[in-house]
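The structure appears right after this line, and notes come after that.
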Amino acid sequence: MVAETFLPQINGVANTARHVADRLRARGHDLLIIAPGPGPDSYADVPVLRARSFRTPGYKEYPVGLPDPSIERAMADFRPDLVHLASPFIIGAYGLRAARRLGVPTVAIFQTDIAGFARQYPWYAAADRGIWRWVSRTHSRADRTLAPSTSAVDALVQRGVPRVYRWGRGVNLDLFDPSHRDAEWRREISPDGKPIVGYVGRLAAEKKVRRLAELTDLDCRIVIVGDGPDRAALENALPTATFLGMRRGTDLASIFAGLDVFVHTGEHETFCQTIQEAQASGVATVGPAAGGPLDLIHPGENGLLFEPGQPGSLRDAVRTLLDHPTARGRMAANGLERVQSRTWAAVVDDLVDRHYAEVLRDAAAVRRVA
């Protein structure tokens with residue numbers, strides 16, 4: 001597995017790579033992880049090769065991997081049957097090249113709208129078209145690309161990427177569960193019993209967290225979980241909100257379950273895992289009518305969508321849920337029911353038994369013909 005980011009970083013790509021690694025180990029597969037450093041040189045009993053890296057403005061906490069000859073040497077020594085490319089961009093593109101030179105089939109996971117993120121930063125905005133060209137070229141050379149949502153599949157196909165399939169994400173149902181709802185925590189956050197509306201995620205420009213300012217005149221408490229370069233500015237812009245910083249594990253699960261409404265404001269999510277985690281926690285959800293949330297939220301059934309370009313649309317959606325607690329409870333129950341089959345074990349089994357198997361079968365057929 002060549003991962004563009006991995007532990008100790010906490011983000012969607014690293015978390016998905018970790019869950020894939022866990023399931024592959026559980027099923028008895030041998031695995032080598034190649035990822036940017038610094039970080040531990042093993043994960044459980046899996047070796048992790050740490051490639052050279054650098055840090056970029058705005059995302060200094062995330063090392064960006066550099067092409068490194070040690071990657072191809074390690075792959076040649078390991079002799080894999082298949083190379084899994086987790087959100088390939090730089091180190092992943094180099095890993096793809098190395099795999100092709102070694103004659104090893106590849107499965108590339110499209111997970112991050114890097115071009116969409118770049119447009120939010122002045123020093124990167126002009127590069128968005130070039131980024132898409134690079135991403136499209138990289139994925140076009142993989143034997144199969146897996147995208148997490150309908151919109152992500154469409155975006156790749158429209159840019160000429162072949163062999164694109166949809167592969168979603170799992171959710172940890174042992175961790176995210178309505179049973180973690182904590183009445184004492186709710187009293188601390190909302191001593192007057194007002195409903196609690198929460199956001200969980202990175203505090204950065206591309207997440208559009210400032211839109212939560214639309215909710216400040218509603219009769220609710222706003223809770224923001226996460227950290228990032230925009231935290232200080234957001235604390236000034238949202239003085240009545242409660243900022244809880246980065247939370248993980250059962251602490252995070254308790255916060256999710258303690259919400260009345262979960263809101264995600266980002267417009268460039270290829271999936272949006274926190275919406276799925278909120279649904280697993282028994283919470284009604286609100287998300288943008290763009291990207292991955294379009295697959296996760298069915299308006300009126302398990303939550304509501306708002307129009308990203310329409311001021312006040314987010315406020316209207318949240319107010320509707322706050323004003324109609326019976327409907328909110330029904331949507332929360334429907335969301336919980338929907339995710340029960342989306343365990344990480346089931347999702348990774350689908351990756352291995354369908355996508356890996358088909359790519360390996362096709363590669364074997366090509367070798368027989370040759």
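Every chain in the structure tokens has a letter given in the order shown (A, B, ...), and although residue numbers restart at 1 in each chain, ligands are simply numbered from 1 in the order shown.
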Legend entry - strand (DSSP E) residues, from DSSP on the backbone, in segment 85-310 of chain A, as a ChimeraX atom specification: /A:85-86,106-109,144-147,164-166,196-200,221-225,242-245,261-263,284-288,303-306
Inset, instruction - Within 9 Å of Cys272 of chain A, counting only C-alpha atoms, which residues show up once you throw out same-chain ones fewer than 5 positions away? Write them as JSON, numbers by chain, please. - result: {"A": [12, 264, 266, 291, 292, 293, 296]}
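If you look at atom CA of Asp323 of chain A and atom CA of Leu212 of chain A, they are 17.7 Å away from each other.
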Counting only C-alpha atoms, which residues of segment 108-219 of chain A sit at most 9 Å from some atom of segment 336-346 of chain A, and what is each one's closest atom pair with its distance in Å to one decimal, listed by chain and rising residue number, as CSV?
residue,atom,partner,partner_atom,distance
A:Gly168,CA,A:Arg342,CA,8.7
A:Arg169,CA,A:Trp344,CA,7.2
A:Gly170,CA,A:Trp344,CA,4.2
A:Val171,CA,A:Thr343,CA,5.3
A:Asn172,CA,A:Thr343,CA,6.2
A:Leu173,CA,A:Thr343,CA,6.6
A:Asp177,CA,A:Leu336,CA,8.6
A:Pro178,CA,A:Leu336,CA,8.7
Can I get the selected residues back with C-alpha atoms, as a PDB file, in the first residue's frame?
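Written output follows (out05.pdb):
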ATOM      1  CA  GLY A 168     -17.793   3.725  -0.498  1.00  0.00           C
ATOM      2  CA  ARG A 169     -16.535   3.942   3.063  1.00  0.00           C
ATOM      3  CA  GLY A 170     -17.295   1.990   6.186  1.00  0.00           C
ATOM      4  CA  VAL A 171     -18.178   3.239   9.629  1.00  0.00           C
ATOM      5  CA  ASN A 172     -17.113   1.902  13.023  1.00  0.00           C
ATOM      6  CA  LEU A 173     -20.460   0.817  14.477  1.00  0.00           C
ATOM      7  CA  ASP A 177     -23.599   4.464  18.508  1.00  0.00           C
ATOM      8  CA  PRO A 178     -26.563   6.311  20.097  1.00  0.00           C
TER       9      PRO A 178
END
At a cut-off of 10 Å, can you tabulate as a tab-separated table every residue of segment 7-26 of chain A near segment 99-110 of chain A together with its closest atom pair and the distance in Å to one decimal, using only C-alpha atoms and ordering rows by chain then number?
residue	atom	partner	partner_atom	distance
A:Val13	CA	A:Ile109	CA	9.2
A:Thr16	CA	A:Ile109	CA	10.0
A:Ala17	CA	A:Ile109	CA	9.9
Legend entry - Close residues, Gly28 of chain A itself excluded, 12 Å, only C-alpha atoms, min 6 positions apart in chain, as number ranges by chain: A: 21-22, 45-46
Generate a file of the selected residues that holds N, CA and C atoms, formatted as a tab-separated table (two decimals), in the first residue's frame.
chain	number	residue	atom	x	y	z
A	21	ALA	N	-5.85	-1.72	6.08
A	21	ALA	CA	-4.74	-2.50	6.61
A	21	ALA	C	-5.22	-3.47	7.69
A	22	ASP	N	-6.09	-3.01	8.58
A	22	ASP	CA	-6.60	-3.87	9.65
A	22	ASP	C	-7.31	-5.10	9.09
A	45	ASP	N	1.78	-5.17	13.31
A	45	ASP	CA	2.91	-5.97	12.84
A	45	ASP	C	3.24	-5.72	11.38
A	46	VAL	N	2.72	-4.60	10.83
A	46	VAL	CA	2.95	-4.27	9.42
A	46	VAL	C	4.09	-3.26	9.31
Inset, instruction - DSSP on the backbone, then: every residue of segment 29-201 of chain A marked alpha helix (DSSP H), written as a PyMOL selection string. - result: chain A and resi 69-78+91-102+114-118+128-140+150-158+183-189
Could those selected residues go to a file with C-alpha atoms, as a short mmCIF file (atom, residue, chain, number, x, y, z; two decimals), in the first residue's frame?
data_model
loop_
_atom_site.label_atom_id
_atom_site.label_comp_id
_atom_site.auth_asym_id
_atom_site.auth_seq_id
_atom_site.Cartn_x
_atom_site.Cartn_y
_atom_site.Cartn_z
CA PRO A 69 14.21 5.31 -5.17
CA SER A 70 13.80 3.37 -1.93
CA ILE A 71 10.10 3.01 -2.77
CA GLU A 72 10.72 0.92 -5.88
CA ARG A 73 13.47 -1.07 -4.16
CA ALA A 74 11.15 -1.88 -1.27
CA MET A 75 8.37 -2.92 -3.64
CA ALA A 76 10.74 -5.13 -5.63
CA ASP A 77 11.97 -6.83 -2.44
CA PHE A 78 8.44 -7.31 -1.11
CA ILE A 91 4.33 9.70 -3.66
CA GLY A 92 1.37 7.70 -4.97
CA ALA A 93 2.12 8.66 -8.57
CA TYR A 94 5.71 7.54 -8.05
CA GLY A 95 4.45 4.29 -6.50
CA LEU A 96 2.23 3.78 -9.55
CA ARG A 97 5.20 4.26 -11.86
CA ALA A 98 7.25 1.79 -9.84
CA ALA A 99 4.44 -0.78 -9.91
CA ARG A 100 4.15 -0.49 -13.69
CA ARG A 101 7.90 -0.93 -14.09
CA LEU A 102 7.70 -4.06 -11.92
CA ILE A 114 -7.14 18.39 -4.21
CA ALA A 115 -8.05 20.88 -6.95
CA GLY A 116 -11.15 22.01 -5.04
CA PHE A 117 -9.10 22.48 -1.88
CA ALA A 118 -6.42 24.40 -3.80
CA ASP A 128 -6.39 23.88 -9.93
CA ARG A 129 -6.55 22.98 -13.65
CA GLY A 130 -3.01 21.67 -13.61
CA ILE A 131 -3.80 19.63 -10.52
CA TRP A 132 -6.81 18.04 -12.23
CA ARG A 133 -4.69 17.18 -15.28
CA TRP A 134 -2.11 15.52 -13.06
CA VAL A 135 -4.72 13.63 -11.02
CA SER A 136 -6.52 12.47 -14.18
CA ARG A 137 -3.27 11.33 -15.78
CA THR A 138 -2.27 9.40 -12.67
CA HIS A 139 -5.59 7.61 -12.30
CA SER A 140 -5.78 6.88 -16.03
CA THR A 150 -21.46 9.14 -7.46
CA SER A 151 -20.25 12.72 -7.91
CA ALA A 152 -16.61 11.68 -7.59
CA VAL A 153 -17.08 8.92 -10.18
CA ASP A 154 -18.73 11.42 -12.54
CA ALA A 155 -15.95 13.98 -12.06
CA LEU A 156 -13.28 11.45 -13.01
CA VAL A 157 -15.20 10.05 -15.98
CA GLN A 158 -15.85 13.55 -17.32
CA ALA A 183 -26.86 13.59 29.57
CA GLU A 184 -24.22 15.22 31.79
CA TRP A 185 -22.22 16.42 28.75
CA ARG A 186 -25.40 17.85 27.24
CA ARG A 187 -26.12 19.79 30.45
CA GLU A 188 -22.59 21.21 30.40
CA ILE A 189 -22.93 22.39 26.80
#
Residues of segment 259-353 of chain A within 9 Å of segment 217-238 of chain A: nearest atom pair and distance (Å, one decimal) for each, counting only C-alpha atoms, sorted by chain and number, as a Markdown table?
| residue | atom | partner | partner_atom | distance |
| --- | --- | --- | --- | --- |
| A:Leu259 | CA | A:Val223 | CA | 8.7 |
| A:Arg315 | CA | A:Leu218 | CA | 8.2 |
| A:Val318 | CA | A:Leu218 | CA | 8.8 |
| A:Arg319 | CA | A:Leu218 | CA | 7.1 |
| A:Leu322 | CA | A:Cys220 | CA | 8.2 |
Write a file of the selected residues as a short mmCIF file (atom, residue, chain, number, x, y, z; two decimals), in the first residue's frame, keeping C-alpha atoms.
data_model
loop_
_atom_site.label_atom_id
_atom_site.label_comp_id
_atom_site.auth_asym_id
_atom_site.auth_seq_id
_atom_site.Cartn_x
_atom_site.Cartn_y
_atom_site.Cartn_z
CA LEU A 259 -25.89 16.28 19.24
CA ARG A 315 -29.93 28.28 8.31
CA VAL A 318 -31.16 23.60 10.42
CA ARG A 319 -34.16 25.65 11.57
CA LEU A 322 -34.99 22.33 15.19
#
Inset, instruction - May I ask which of the residues A:Glu267, A:Gly39, A:Arg50, A:Ala333 is the closest one to Leu305 of chain A, counting only C-alpha atoms? - result: A:Glu267
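Counting only C-alpha atoms and comparing A:Asp143, A:Phe306, A:Glu214, A:Ile90, the residue that lies closest to Val366 of chain A is A:Asp143.
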Inset, instruction - For Thr274 of chain A, list every protein, DNA or RNA residue within 8 Å, evaluated using only C-alpha atoms, and leave out those in the same chain fewer than 4 positions away; present the list as a ChimeraX atom specification. - result: /A:200-201,264,278
Inset, instruction - Could you give me, as a list in words, the residues within 10 Å of Leu24 of chain A, counting only C-alpha atoms and dropping anything in the same chain fewer than 6 positions from it? - result: Arg18, Asp30, Leu31, Ala345, Val348, Asp349 and Val352 of chain A
Inset, instruction - Enter the distance from atom CA of Thr270 of chain A to atom CA of Phe6 of chain A, in Å, rounded to one decimal. - result: 18.3 Å
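As for atom CA of His29 of chain A and atom CA of Gly249 of chain A, they are spaced 26.7 Å apart.
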Inset, instruction - For each of A:Gly335, A:Thr145, A:Ala86, A:Asn11, take the minimum atom-to-atom distance to Ala35 of chain A, counting only C-alpha atoms, then give the residue where this is smallest. - result: A:Ala86
Inset, instruction - Tell me which of A:Ala147, A:Leu215, A:Ile10, A:Ala284 sits closest to Gly329 of chain A, counting only C-alpha atoms. - result: A:Ala284
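Proximity of A:Pro80, A:Gly287, A:Pro47, A:Pro38 to Tyr199 of chain A, computed with only C-alpha atoms, is greatest for A:Gly287.
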